[in-house]
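Peer 1: Please find input_18.csv (CSV, C-alpha atoms and all ligand atoms) on the next line:
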```
chain,number,residue,atom,x,y,z
T,1,MET,CA,72.9,132.2,91.4
T,2,LYS,CA,74.1,128.7,90.4
T,3,LYS,CA,72.4,126.8,87.5
T,4,LYS,CA,70.3,123.8,88.3
T,5,ARG,CA,69.9,120.5,86.3
T,6,ALA,CA,66.8,118.4,86.4
T,7,ALA,CA,68.5,115.1,87.3
T,8,ALA,CA,71.8,113.9,88.6
T,9,LYS,CA,74.3,112.4,86.1
T,10,GLU,CA,75.6,108.8,86.5
T,11,VAL,CA,79.2,110.0,86.8
T,12,TYR,CA,80.6,113.5,87.1
T,13,THR,CA,84.0,114.8,86.1
T,14,LEU,CA,86.3,117.7,87.1
T,15,ALA,CA,84.8,119.8,84.3
T,16,ASP,CA,81.4,119.3,85.9
T,17,LEU,CA,82.8,120.5,89.3
T,18,GLN,CA,84.4,123.5,87.6
T,19,ASN,CA,81.1,124.5,85.9
T,20,TRP,CA,78.8,123.3,88.6
T,21,CYS,CA,75.1,122.8,87.8
T,22,ASP,CA,73.4,121.5,91.0
T,23,VAL,CA,70.4,119.2,91.1
T,24,ASP,CA,67.5,118.7,93.5
T,25,PRO,CA,68.2,117.5,96.1
T,26,PRO,CA,71.7,119.1,95.8
T,27,ILE,CA,74.9,117.0,95.6
T,28,ARG,CA,76.9,117.6,98.8
T,29,LEU,CA,78.7,114.3,99.0
T,30,GLY,CA,80.5,111.9,96.6
T,31,VAL,CA,83.3,109.5,95.8
T,32,PHE,CA,86.4,110.4,93.8
T,33,GLY,CA,88.0,107.5,91.9
T,34,ASP,CA,89.6,106.4,88.7
T,35,PRO,CA,87.8,104.2,87.7
T,36,VAL,CA,84.6,104.9,89.8
T,37,GLU,CA,81.8,103.5,87.7
T,38,HIS,CA,81.8,100.2,89.7
T,39,SER,CA,81.5,102.0,93.1
T,40,LEU,CA,78.5,101.0,95.2
T,41,SER,CA,78.9,103.9,97.6
T,42,ARG,CA,76.4,106.1,95.8
T,43,GLN,CA,73.4,103.8,96.3
T,44,MET,CA,74.5,102.9,99.8
T,45,GLN,CA,74.9,106.6,101.0
T,46,ASN,CA,71.8,107.8,99.1
T,47,ALA,CA,69.7,105.2,100.9
T,48,ALA,CA,71.0,106.5,104.2
T,49,LEU,CA,70.5,110.2,103.3
T,50,LYS,CA,66.9,109.5,102.1
T,51,HIS,CA,66.1,107.5,105.2
T,52,CYS,CA,67.4,110.3,107.5
T,53,LYS,CA,65.5,112.9,105.4
T,54,PHE,CA,68.6,114.8,104.7
T,55,ASP,CA,68.0,117.2,101.7
T,56,MET,CA,71.1,116.3,99.7
T,57,GLN,CA,72.5,113.5,97.6
T,58,TYR,CA,75.8,111.6,97.0
T,59,ALA,CA,77.4,111.3,93.5
T,60,ARG,CA,80.3,109.5,91.7
T,61,PHE,CA,83.1,111.6,90.4
T,62,HIS,CA,85.6,110.3,87.8
T,63,ILE,CA,88.7,112.2,88.9
T,64,LEU,CA,92.1,111.5,87.3
T,65,PRO,CA,95.2,111.5,89.4
T,66,ASP,CA,96.4,114.9,88.1
T,67,GLU,CA,93.0,116.4,88.7
T,68,LEU,CA,92.7,115.5,92.4
T,69,ARG,CA,94.1,118.8,93.8
T,70,ALA,CA,91.7,120.9,91.8
T,71,ALA,CA,88.7,118.6,92.6
T,72,ILE,CA,89.4,118.8,96.3
T,73,ASP,CA,89.7,122.6,96.2
T,74,LEU,CA,86.4,122.7,94.5
T,75,ILE,CA,84.5,120.6,97.1
T,76,ARG,CA,85.6,123.2,99.7
T,77,LYS,CA,84.2,126.1,97.6
T,78,LEU,CA,81.0,124.2,96.7
T,79,GLU,CA,80.3,123.6,100.4
T,80,PHE,CA,80.3,119.8,100.2
T,81,VAL,CA,79.8,117.9,103.4
T,82,GLY,CA,82.6,115.6,102.4
T,83,VAL,CA,83.8,112.9,100.0
T,84,ASN,CA,85.1,109.4,99.9
T,85,LEU,CA,88.3,108.5,98.1
T,86,THR,CA,89.0,105.3,96.4
T,87,ILE,CA,91.7,103.9,94.0
T,88,PRO,CA,94.1,105.7,93.2
T,89,HIS,CA,93.6,108.7,95.4
T,90,LYS,CA,93.8,107.4,99.0
T,91,ILE,CA,97.5,108.2,99.4
T,92,ALA,CA,97.9,111.2,97.1
T,93,ALA,CA,95.1,113.1,99.0
T,94,LEU,CA,97.2,113.1,102.2
T,95,ASP,CA,99.1,116.2,101.2
T,96,LEU,CA,96.0,118.1,100.3
T,97,LEU,CA,94.3,118.0,103.7
T,98,ASP,CA,94.3,120.6,106.6
T,99,VAL,CA,93.9,118.0,109.4
T,100,THR,CA,94.4,114.2,109.6
T,101,ASP,CA,93.6,111.9,112.4
T,102,ASP,CA,96.1,109.5,114.0
T,103,ASN,CA,94.8,106.5,111.9
T,104,VAL,CA,95.5,108.3,108.7
T,105,LYS,CA,99.0,109.2,109.8
T,106,ARG,CA,99.8,105.7,110.7
T,107,ILE,CA,98.2,104.1,107.7
T,108,GLY,CA,99.4,106.7,105.2
T,109,ALA,CA,96.1,106.6,103.4
T,110,VAL,CA,92.8,108.5,103.7
T,111,ASN,CA,89.3,107.3,102.5
T,112,VAL,CA,87.0,109.9,104.1
T,113,ILE,CA,87.2,113.7,103.9
T,114,GLU,CA,85.0,116.0,105.9
T,115,VAL,CA,84.7,119.6,105.1
T,116,GLU,CA,84.2,121.6,108.3
T,117,ASP,CA,84.3,125.4,108.4
T,118,GLY,CA,86.2,125.4,105.2
T,119,LYS,CA,88.9,123.0,106.5
T,120,LEU,CA,89.5,119.5,105.0
T,121,ARG,CA,89.8,116.8,107.7
T,122,GLY,CA,91.0,113.3,106.7
T,123,PHE,CA,90.0,110.0,108.2
T,124,ASN,CA,90.4,106.3,107.5
T,125,THR,CA,87.5,104.0,108.2
T,126,ASP,CA,88.7,100.9,106.5
T,127,GLY,CA,90.3,99.3,109.6
T,128,ARG,CA,87.3,99.8,111.9
T,129,GLY,CA,84.9,98.8,109.0
T,130,PHE,CA,86.9,95.6,108.6
T,131,ALA,CA,86.7,94.8,112.4
T,132,ARG,CA,82.9,95.3,112.3
T,133,ALA,CA,82.7,93.1,109.2
T,134,ILE,CA,84.6,90.3,110.9
T,135,ARG,CA,82.4,90.5,113.9
T,136,GLU,CA,79.3,90.4,111.8
T,137,GLU,CA,80.4,87.6,109.4
T,138,PHE,CA,82.1,85.3,111.9
T,139,SER,CA,80.8,86.4,115.4
T,140,VAL,CA,84.4,86.9,116.6
T,141,ASP,CA,86.6,89.8,117.6
T,142,LEU,CA,90.0,90.5,116.1
T,143,ARG,CA,91.6,90.2,119.6
T,144,ASP,CA,90.8,86.5,119.7
T,145,LEU,CA,92.3,85.8,116.3
T,146,ARG,CA,95.6,84.8,114.7
T,147,VAL,CA,95.4,86.7,111.4
T,148,MET,CA,97.2,86.3,108.1
T,149,ILE,CA,96.8,89.3,105.7
T,150,LEU,CA,97.6,88.8,102.0
T,151,GLY,CA,98.9,92.2,100.7
T,152,ALA,CA,100.7,95.2,102.3
T,153,GLY,CA,99.1,98.1,100.4
T,154,GLY,CA,96.6,100.7,101.7
T,155,ALA,CA,93.8,98.3,102.7
T,156,ALA,CA,96.2,95.8,104.2
T,157,ARG,CA,97.9,98.6,106.2
T,158,ALA,CA,94.5,99.7,107.6
T,159,ILE,CA,93.6,96.1,108.5
T,160,ALA,CA,97.0,95.3,110.0
T,161,LEU,CA,96.8,98.5,112.2
T,162,GLN,CA,93.3,97.5,113.4
T,163,CYS,CA,94.6,94.0,114.3
T,164,ALA,CA,97.4,95.6,116.2
T,165,LYS,CA,95.2,98.0,118.1
T,166,GLU,CA,92.8,95.3,119.0
T,167,ASN,CA,95.6,93.1,120.2
T,168,SER,CA,95.2,90.2,117.8
T,169,GLU,CA,97.0,87.1,119.1
T,170,ARG,CA,99.1,86.9,116.0
T,171,LEU,CA,99.6,88.8,112.7
T,172,VAL,CA,101.3,87.4,109.6
T,173,ILE,CA,101.7,89.7,106.6
T,174,ALA,CA,102.2,87.9,103.3
T,175,ASN,CA,103.1,90.1,100.4
T,176,ARG,CA,104.5,89.8,96.8
T,177,SER,CA,107.3,92.1,97.7
T,178,VAL,CA,108.4,90.9,101.1
T,179,GLU,CA,110.3,94.1,101.9
T,180,THR,CA,107.0,96.0,102.0
T,181,ALA,CA,105.5,93.4,104.3
T,182,GLN,CA,108.6,93.7,106.5
T,183,LYS,CA,108.4,97.5,106.6
T,184,LEU,CA,104.8,97.3,107.8
T,185,ALA,CA,105.6,94.6,110.4
T,186,ASP,CA,108.4,96.8,111.7
T,187,GLN,CA,106.0,99.7,112.1
T,188,LEU,CA,103.7,97.5,114.2
T,189,ARG,CA,106.4,95.8,116.3
T,190,ASP,CA,105.5,97.7,119.5
T,191,PHE,CA,101.9,96.5,119.5
T,192,PHE,CA,103.1,92.8,119.4
T,193,ALA,CA,105.8,93.1,122.0
T,194,GLY,CA,103.9,91.1,124.6
T,195,PRO,CA,104.2,87.2,124.6
T,196,ARG,CA,100.5,86.4,124.1
T,197,VAL,CA,100.9,83.1,122.3
T,198,LEU,CA,102.5,80.1,123.8
T,199,GLY,CA,104.6,78.0,121.5
T,200,PRO,CA,107.3,78.4,118.9
T,201,VAL,CA,105.7,80.8,116.5
T,202,ALA,CA,106.4,84.6,116.5
T,203,ARG,CA,103.4,86.9,117.2
T,204,LEU,CA,104.3,89.2,114.2
T,205,GLN,CA,105.8,88.0,111.0
T,206,ALA,CA,106.4,89.2,107.4
T,207,ILE,CA,106.6,86.5,104.7
T,208,PRO,CA,106.6,86.3,100.9
T,209,LEU,CA,103.2,85.6,99.2
T,210,GLU,CA,104.5,82.1,98.2
T,211,GLU,CA,103.0,78.7,98.7
T,212,THR,CA,105.9,77.2,100.8
T,213,ALA,CA,106.0,80.2,103.2
T,214,ILE,CA,102.2,80.3,103.6
T,215,ARG,CA,101.9,76.5,104.0
T,216,PHE,CA,104.4,76.8,106.9
T,217,GLN,CA,102.2,79.4,108.7
T,218,ILE,CA,98.6,78.3,107.9
T,219,GLY,CA,98.3,75.8,110.8
T,220,ASN,CA,98.9,78.7,113.2
T,221,VAL,CA,96.4,81.1,111.7
T,222,ASP,CA,92.6,81.4,112.2
T,223,LEU,CA,91.7,84.2,109.7
T,224,VAL,CA,93.0,84.7,106.2
T,225,VAL,CA,92.3,88.1,104.6
T,226,ASN,CA,92.8,89.0,101.0
T,227,ALA,CA,93.8,92.6,100.7
T,228,THR,CA,95.4,92.3,97.2
T,229,PRO,CA,93.4,93.2,94.1
T,230,LEU,CA,93.6,89.5,93.0
T,231,GLY,CA,90.0,88.5,92.3
T,232,LEU,CA,88.8,91.9,91.1
T,233,ASN,CA,89.0,90.9,87.4
T,234,ARG,CA,87.3,88.0,85.7
T,235,GLY,CA,89.8,85.2,85.2
T,236,ASP,CA,92.0,86.2,88.2
T,237,ALA,CA,93.2,83.2,90.2
T,238,SER,CA,92.8,82.9,94.0
T,239,PRO,CA,95.7,84.8,95.7
T,240,ILE,CA,96.6,81.5,97.4
T,241,PRO,CA,96.0,78.0,96.1
T,242,ALA,CA,92.9,76.1,97.3
T,243,ARG,CA,95.1,73.3,98.6
T,244,LEU,CA,96.5,75.6,101.3
T,245,LEU,CA,93.0,76.2,102.8
T,246,ALA,CA,91.6,74.0,105.6
T,247,PRO,CA,88.2,73.7,107.4
T,248,HIS,CA,89.4,75.4,110.6
T,249,LEU,CA,89.9,78.7,108.8
T,250,MET,CA,87.8,81.8,108.4
T,251,VAL,CA,88.5,83.5,105.1
T,252,TYR,CA,87.7,87.1,104.3
T,253,ASP,CA,88.1,88.6,100.8
T,254,THR,CA,88.0,92.4,100.8
T,255,ILE,CA,87.0,92.2,97.2
T,256,TYR,CA,83.2,92.4,96.6
T,257,SER,CA,82.9,92.5,92.8
T,258,ALA,CA,81.5,88.9,92.9
T,259,GLU,CA,79.6,87.1,95.6
T,260,ARG,CA,82.0,84.2,95.2
T,261,THR,CA,85.5,85.6,94.5
T,262,PRO,CA,88.1,83.0,93.5
T,263,LEU,CA,89.3,83.0,97.1
T,264,VAL,CA,85.9,82.6,98.6
T,265,SER,CA,85.1,79.7,96.2
T,266,ALA,CA,88.4,78.0,97.2
T,267,ALA,CA,87.6,78.5,100.9
T,268,VAL,CA,84.1,77.1,100.6
T,269,GLU,CA,85.5,74.1,98.6
T,270,ALA,CA,88.0,73.5,101.4
T,271,GLY,CA,85.1,73.5,104.0
T,272,ALA,CA,86.2,76.8,105.5
T,273,ARG,CA,83.9,79.7,106.4
T,274,ALA,CA,84.2,82.6,104.0
T,275,ALA,CA,82.8,86.0,103.1
T,276,ASN,CA,83.4,88.7,100.5
T,277,GLY,CA,84.1,92.4,101.1
T,278,LEU,CA,80.6,93.7,101.0
T,279,SER,CA,80.3,93.8,104.8
T,280,MET,CA,83.5,95.9,105.0
T,281,LEU,CA,82.2,98.3,102.3
T,282,LEU,CA,79.0,98.6,104.3
T,283,HIS,CA,80.7,99.3,107.7
T,284,GLN,CA,83.4,101.7,106.4
T,285,GLY,CA,80.6,103.6,104.7
T,286,ALA,CA,78.5,103.7,107.8
T,287,LEU,CA,81.5,105.0,109.8
T,288,ALA,CA,82.0,107.7,107.1
T,289,PHE,CA,78.3,108.7,107.4
T,290,GLU,CA,78.8,109.0,111.2
T,291,ILE,CA,81.8,111.3,110.7
T,292,TRP,CA,79.9,113.5,108.3
T,293,PHE,CA,76.6,113.7,110.3
T,294,GLN,CA,77.6,112.9,113.9
T,295,ARG,CA,74.8,110.5,114.2
T,296,GLU,CA,74.3,106.7,113.9
T,297,ALA,CA,74.1,105.5,110.3
T,298,PRO,CA,70.9,103.6,109.2
T,299,LEU,CA,72.8,100.4,108.7
T,300,GLU,CA,70.0,98.2,107.5
T,301,GLU,CA,68.9,100.7,104.9
T,302,MET,CA,72.4,100.9,103.6
T,303,ARG,CA,72.8,97.2,103.6
T,304,LYS,CA,69.6,96.7,101.6
T,305,ALA,CA,70.9,99.2,99.0
T,306,ILE,CA,74.0,97.1,98.2
T,307,LEU,CA,72.7,93.5,98.5
T,401,LIG,P1,97.1,98.9,96.9
T,401,LIG,O1,97.5,99.9,97.9
T,401,LIG,O2,97.5,99.1,95.5
T,401,LIG,O3,97.9,97.5,97.4
T,401,LIG,C1,97.8,96.4,96.6
T,401,LIG,C2,98.5,95.2,97.3
T,401,LIG,O4,98.2,94.0,96.5
T,401,LIG,C3,100.0,95.3,97.4
T,401,LIG,O5,100.4,94.7,98.6
T,401,LIG,C4,100.5,94.6,96.2
T,401,LIG,O6,101.8,93.9,96.4
T,401,LIG,C5,99.5,93.5,96.1
T,401,LIG,N1,99.3,93.1,94.7
T,401,LIG,C6,98.9,93.8,93.6
T,401,LIG,N2,98.9,93.1,92.5
T,401,LIG,C7,99.2,91.8,92.9
T,401,LIG,C8,99.4,90.6,92.2
T,401,LIG,N3,99.2,90.6,90.9
T,401,LIG,N4,99.8,89.5,92.8
T,401,LIG,C9,100.1,89.6,94.2
T,401,LIG,N5,99.9,90.7,94.9
T,401,LIG,C10,99.5,91.8,94.3
T,401,LIG,O7,95.6,98.6,96.9
T,401,LIG,P2,94.6,98.7,98.1
T,401,LIG,O8,94.0,100.1,98.2
T,401,LIG,O9,95.2,98.2,99.4
T,401,LIG,O10,93.4,97.8,97.7
T,401,LIG,C11,93.5,96.4,97.6
T,401,LIG,C12,92.1,95.7,97.5
T,401,LIG,O11,91.4,96.0,98.7
T,401,LIG,C13,91.3,96.3,96.3
T,401,LIG,O12,91.2,95.4,95.3
T,401,LIG,C14,90.0,96.7,96.9
T,401,LIG,O13,89.0,96.0,96.2
T,401,LIG,C15,90.0,96.1,98.3
T,401,LIG,N6,89.4,97.0,99.3
T,401,LIG,C16,88.1,96.7,99.7
T,401,LIG,C17,87.5,97.6,100.6
T,401,LIG,C18,86.1,97.2,101.1
T,401,LIG,O14,85.5,98.1,101.7
T,401,LIG,N7,85.6,96.0,100.9
T,401,LIG,C19,88.1,98.7,101.1
T,401,LIG,C20,89.4,99.0,100.6
T,401,LIG,C21,90.0,98.2,99.7
T,401,LIG,P3,103.2,94.7,96.1
T,401,LIG,O15,103.5,95.5,97.4
T,401,LIG,O16,104.1,93.6,95.9
T,401,LIG,O17,103.0,95.6,94.9
```
Can I see the file as structure tokens?
Ligand code: NAP
Peer 2:
Amino acid sequence: MKKKRAAAKEVYTLADLQNWCDVDPPIRLGVFGDPVEHSLSRQMQNAALKHCKFDMQYARFHILPDELRAAIDLIRKLEFVGVNLTIPHKIAALDLLDVTDDNVKRIGAVNVIEVEDGKLRGFNTDGRGFARAIREEFSVDLRDLRVMILGAGGAARAIALQCAKENSERLVIANRSVETAQKLADQLRDFFAGPRVLGPVARLQAIPLEETAIRFQIGNVDLVVNATPLGLNRGDASPIPARLLAPHLMVYDTIYSAERTPLVSAAVEAGARAANGLSMLLHQGALAFEIWFQREAPLEEMRKAIL
């Protein structure tokens, strides 16, 4: 019989998983990250579990990159329902899964694992979570928007694919290394083949994350999304200068470490509508809950837990 501890730890490690002491209610879900201390998923998912009267809890696991394989093997053995993956595991986990859905294959990153009959199934809920967040924050659907994404990493790829699937009017991908942006644009080319926008601008473009290139595009964009880590750390500058922002824009920062990230502050200063990434965190988490339990997530309980 497994040992039991009185209370859950703030953060678990691989060593804890290897010498597992369960708690009451038992831990059957969690998030793997490095770092992971900042993650709000625990309070959000535990609020949902409590509301639904599920006899289990969700914990944080500080798992280093070279520990991921062992940690994932253990969640299968310990009969977890599943886990979330955050930085830096979303890409590395791909090779460790038994089944991946189409979204994961296209994005090349996984943020939700479900353990079902001993098999590990991978999903990516960032894109759909983003779409729900935009609807909630700005009362508009992606299909009606001309979108500029700053970044071309995991989060940006999920957001770009969602824009493509929802047939956004236009997509501009601005990245520090323009080759990565171009590669992503090339992968999405088929979605944007139709001539939806009248006028001289292309429906799909990759540009460098530079003032001149962005200035040239911003008049033909409705929504600007920050999917770079700029703004995560104190003292970070806004990913694009405030002088480029205008009142007609909606600005969404996927970062949620501060209510007013540098980009959100710059947008508000420019008279634009702006929101930080808490709503995306909420909706990607609700979608994960729905994958794990095949039932609607208690969204308002989850929201209250992270506000
Ligand atoms: P990632 O895969 O490492 O990608 C990072 C991207 O940012 C790359 O395009 C990179 O450009 C660019 N970048 C990195 N440092 C930069 C700098 N100093 N200046 C300009 N560009 C820079 O990371 P990710 O997983 O996509 O995560 C990005 C952010 O999204 C994270 O900060 C996270 O907070 C946020 N996120 C939020 C949610 C949510 O639920 N709200 C969900 C997922 C992610 P290069 O290609 O040139 O390196």
Peer 1: Which is closer to ligand LIG 401 (chain T) than all the others in T:Val140, T:Ala297, T:Val268, T:Val112, using all atoms listed in the file?
Peer 2: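 Of T:Val140, T:Ala297, T:Val268, T:Val112, the one nearest ligand LIG 401 (chain T) is T:Val112, counting all atoms listed in the file.
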Peer 1: Hey, which residues sit close to ligand LIG 401 (chain T)? Say within 8 Å, counting only C-alpha atoms and all ligand atoms, and write them as JSON, numbers by chain.
Peer 2: {"T": [86, 87, 88, 90, 126, 129, 130, 150, 151, 152, 153, 154, 155, 156, 157, 175, 176, 177, 178, 180, 181, 209, 226, 227, 228, 229, 230, 231, 232, 239, 253, 254, 255, 256, 257, 276, 277, 278, 279, 280, 281, 282, 283, 284, 285]}
Peer 1: Store the residues picked out above, limited to C-alpha atoms, as a PDB file, in the coordinates of the input.
Peer 2:
```
ATOM      1  CA  THR T  86      89.000 105.300  96.400  1.00  0.00           C
ATOM      2  CA  ILE T  87      91.700 103.900  94.000  1.00  0.00           C
ATOM      3  CA  PRO T  88      94.100 105.700  93.200  1.00  0.00           C
ATOM      4  CA  LYS T  90      93.800 107.400  99.000  1.00  0.00           C
ATOM      5  CA  ASP T 126      88.700 100.900 106.500  1.00  0.00           C
ATOM      6  CA  GLY T 129      84.900  98.800 109.000  1.00  0.00           C
ATOM      7  CA  PHE T 130      86.900  95.600 108.600  1.00  0.00           C
ATOM      8  CA  LEU T 150      97.600  88.800 102.000  1.00  0.00           C
ATOM      9  CA  GLY T 151      98.900  92.200 100.700  1.00  0.00           C
ATOM     10  CA  ALA T 152     100.700  95.200 102.300  1.00  0.00           C
ATOM     11  CA  GLY T 153      99.100  98.100 100.400  1.00  0.00           C
ATOM     12  CA  GLY T 154      96.600 100.700 101.700  1.00  0.00           C
ATOM     13  CA  ALA T 155      93.800  98.300 102.700  1.00  0.00           C
ATOM     14  CA  ALA T 156      96.200  95.800 104.200  1.00  0.00           C
ATOM     15  CA  ARG T 157      97.900  98.600 106.200  1.00  0.00           C
ATOM     16  CA  ASN T 175     103.100  90.100 100.400  1.00  0.00           C
ATOM     17  CA  ARG T 176     104.500  89.800  96.800  1.00  0.00           C
ATOM     18  CA  SER T 177     107.300  92.100  97.700  1.00  0.00           C
ATOM     19  CA  VAL T 178     108.400  90.900 101.100  1.00  0.00           C
ATOM     20  CA  THR T 180     107.000  96.000 102.000  1.00  0.00           C
ATOM     21  CA  ALA T 181     105.500  93.400 104.300  1.00  0.00           C
ATOM     22  CA  LEU T 209     103.200  85.600  99.200  1.00  0.00           C
ATOM     23  CA  ASN T 226      92.800  89.000 101.000  1.00  0.00           C
ATOM     24  CA  ALA T 227      93.800  92.600 100.700  1.00  0.00           C
ATOM     25  CA  THR T 228      95.400  92.300  97.200  1.00  0.00           C
ATOM     26  CA  PRO T 229      93.400  93.200  94.100  1.00  0.00           C
ATOM     27  CA  LEU T 230      93.600  89.500  93.000  1.00  0.00           C
ATOM     28  CA  GLY T 231      90.000  88.500  92.300  1.00  0.00           C
ATOM     29  CA  LEU T 232      88.800  91.900  91.100  1.00  0.00           C
ATOM     30  CA  PRO T 239      95.700  84.800  95.700  1.00  0.00           C
ATOM     31  CA  ASP T 253      88.100  88.600 100.800  1.00  0.00           C
ATOM     32  CA  THR T 254      88.000  92.400 100.800  1.00  0.00           C
ATOM     33  CA  ILE T 255      87.000  92.200  97.200  1.00  0.00           C
ATOM     34  CA  TYR T 256      83.200  92.400  96.600  1.00  0.00           C
ATOM     35  CA  SER T 257      82.900  92.500  92.800  1.00  0.00           C
ATOM     36  CA  ASN T 276      83.400  88.700 100.500  1.00  0.00           C
ATOM     37  CA  GLY T 277      84.100  92.400 101.100  1.00  0.00           C
ATOM     38  CA  LEU T 278      80.600  93.700 101.000  1.00  0.00           C
ATOM     39  CA  SER T 279      80.300  93.800 104.800  1.00  0.00           C
ATOM     40  CA  MET T 280      83.500  95.900 105.000  1.00  0.00           C
ATOM     41  CA  LEU T 281      82.200  98.300 102.300  1.00  0.00           C
ATOM     42  CA  LEU T 282      79.000  98.600 104.300  1.00  0.00           C
ATOM     43  CA  HIS T 283      80.700  99.300 107.700  1.00  0.00           C
ATOM     44  CA  GLN T 284      83.400 101.700 106.400  1.00  0.00           C
ATOM     45  CA  GLY T 285      80.600 103.600 104.700  1.00  0.00           C
TER      46      GLY T 285
END
```
Peer 1: For Leu249 of chain T, which residue among T:Leu145, T:Ala70, T:Cys163, T:Ala305 is the nearest when counting all atoms listed in the file?
Peer 2: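 For Leu249 of chain T, the nearest of the candidates is T:Leu145.
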Peer 1: Can you tell me which residues surround segment 23-26 of chain T at a distance of at most 12 Å, considering only C-alpha atoms, apart from same-chain residues fewer than 3 positions away, and format the answer as a list in words?
Peer 2: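 Contacts, with the query itself left out: Lys2, Lys3, Lys4, Arg5, Ala6, Ala7, Ala8, Lys9, Trp20, Leu29, Gly30, Asn46, Leu49, Lys50, Lys53, Phe54, Asp55, Met56, Gln57, Tyr58, Ala59, Leu78, Glu79, Phe80 and Val81 of chain T.
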Peer 1: How would the residues just chosen look if you wrote them out with C-alpha atoms as a short mmCIF file (atom, residue, chain, number, x, y, z; two decimals), in the coordinates of the input?
Peer 2:
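Below you can see part_11.cif, which holds the result:
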```cif
data_model
loop_
_atom_site.label_atom_id
_atom_site.label_comp_id
_atom_site.auth_asym_id
_atom_site.auth_seq_id
_atom_site.Cartn_x
_atom_site.Cartn_y
_atom_site.Cartn_z
CA LYS T 2 74.10 128.70 90.40
CA LYS T 3 72.40 126.80 87.50
CA LYS T 4 70.30 123.80 88.30
CA ARG T 5 69.90 120.50 86.30
CA ALA T 6 66.80 118.40 86.40
CA ALA T 7 68.50 115.10 87.30
CA ALA T 8 71.80 113.90 88.60
CA LYS T 9 74.30 112.40 86.10
CA TRP T 20 78.80 123.30 88.60
CA LEU T 29 78.70 114.30 99.00
CA GLY T 30 80.50 111.90 96.60
CA ASN T 46 71.80 107.80 99.10
CA LEU T 49 70.50 110.20 103.30
CA LYS T 50 66.90 109.50 102.10
CA LYS T 53 65.50 112.90 105.40
CA PHE T 54 68.60 114.80 104.70
CA ASP T 55 68.00 117.20 101.70
CA MET T 56 71.10 116.30 99.70
CA GLN T 57 72.50 113.50 97.60
CA TYR T 58 75.80 111.60 97.00
CA ALA T 59 77.40 111.30 93.50
CA LEU T 78 81.00 124.20 96.70
CA GLU T 79 80.30 123.60 100.40
CA PHE T 80 80.30 119.80 100.20
CA VAL T 81 79.80 117.90 103.40
#
```
Peer 1: Counting all atoms listed in the file, which residue out of T:Leu40, T:Val11, T:Asp34, T:Ala71 sits closest to Arg303 of chain T?
Peer 2: T:Leu40
Peer 1: For atom CA of Ala48 of chain T and atom CA of Asp16 of chain T, quote the distance in Å rounded to one decimal.
Peer 2: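 Rounded to one decimal, the two atoms are 24.6 Å apart.
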Peer 1: Suppose you want the space between atom CA of Leu263 of chain T and atom CA of Asp186 of chain T; what is it in Å?
Peer 2: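 Distance reported for this atom pair: 27.7 Å.
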Peer 1: Can you work out the spacing between atom CA of Asp98 of chain T and atom CA of Ser39 of chain T in Å, to one decimal?
Peer 2: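 Atom CA of Ser39 of chain T lies 26.3 Å from atom CA of Asp98 of chain T.
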Peer 1: When you look at Arg69 of chain T with a cut-off of 8 Å (counting all atoms listed in the file), what residues show up, excluding the ones that are within fewer than 3 positions of it in the same chain? I need them as number ranges by chain.
Peer 2: T: 66, 72-73, 93, 96
Peer 1: Considering only C-alpha atoms, can you say which of T:Ala272, T:Leu307, T:Ala193, T:Ala266 comes closest to Ile240 of chain T?
Peer 2: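 The answer is T:Ala266, which sits nearest to Ile240 of chain T.
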Peer 1: Looking at T:Asn220, T:Thr125, T:Asn167, T:Ser238, which one is nearest to Ala288 of chain T, with distances taken over all atoms listed in the file?
Peer 2: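 Comparing T:Asn220, T:Thr125, T:Asn167, T:Ser238 against Ala288 of chain T, the winner is T:Thr125.
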Peer 1: Would you please work out which residue, of T:Ala267, T:Ile149, T:Leu204, T:Ile107, is nearest to Arg170 of chain T when using all atoms listed in the file?
Peer 2: T:Leu204
Peer 1: Can you pull out every residue within 10 Å of Glu67 of chain T, counting all atoms listed in the file, but drop anything in the same chain fewer than 5 positions away, and send it as a PDB file with C-alpha atoms, keeping the file's coordinate frame?
Peer 2:
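For reference, selection24.pdb as written:
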```
ATOM      1  CA  THR T  13      84.000 114.800  86.100  1.00  0.00           C
ATOM      2  CA  LEU T  14      86.300 117.700  87.100  1.00  0.00           C
ATOM      3  CA  ALA T  15      84.800 119.800  84.300  1.00  0.00           C
ATOM      4  CA  HIS T  62      85.600 110.300  87.800  1.00  0.00           C
ATOM      5  CA  ILE T  72      89.400 118.800  96.300  1.00  0.00           C
TER       6      ILE T  72
END
```
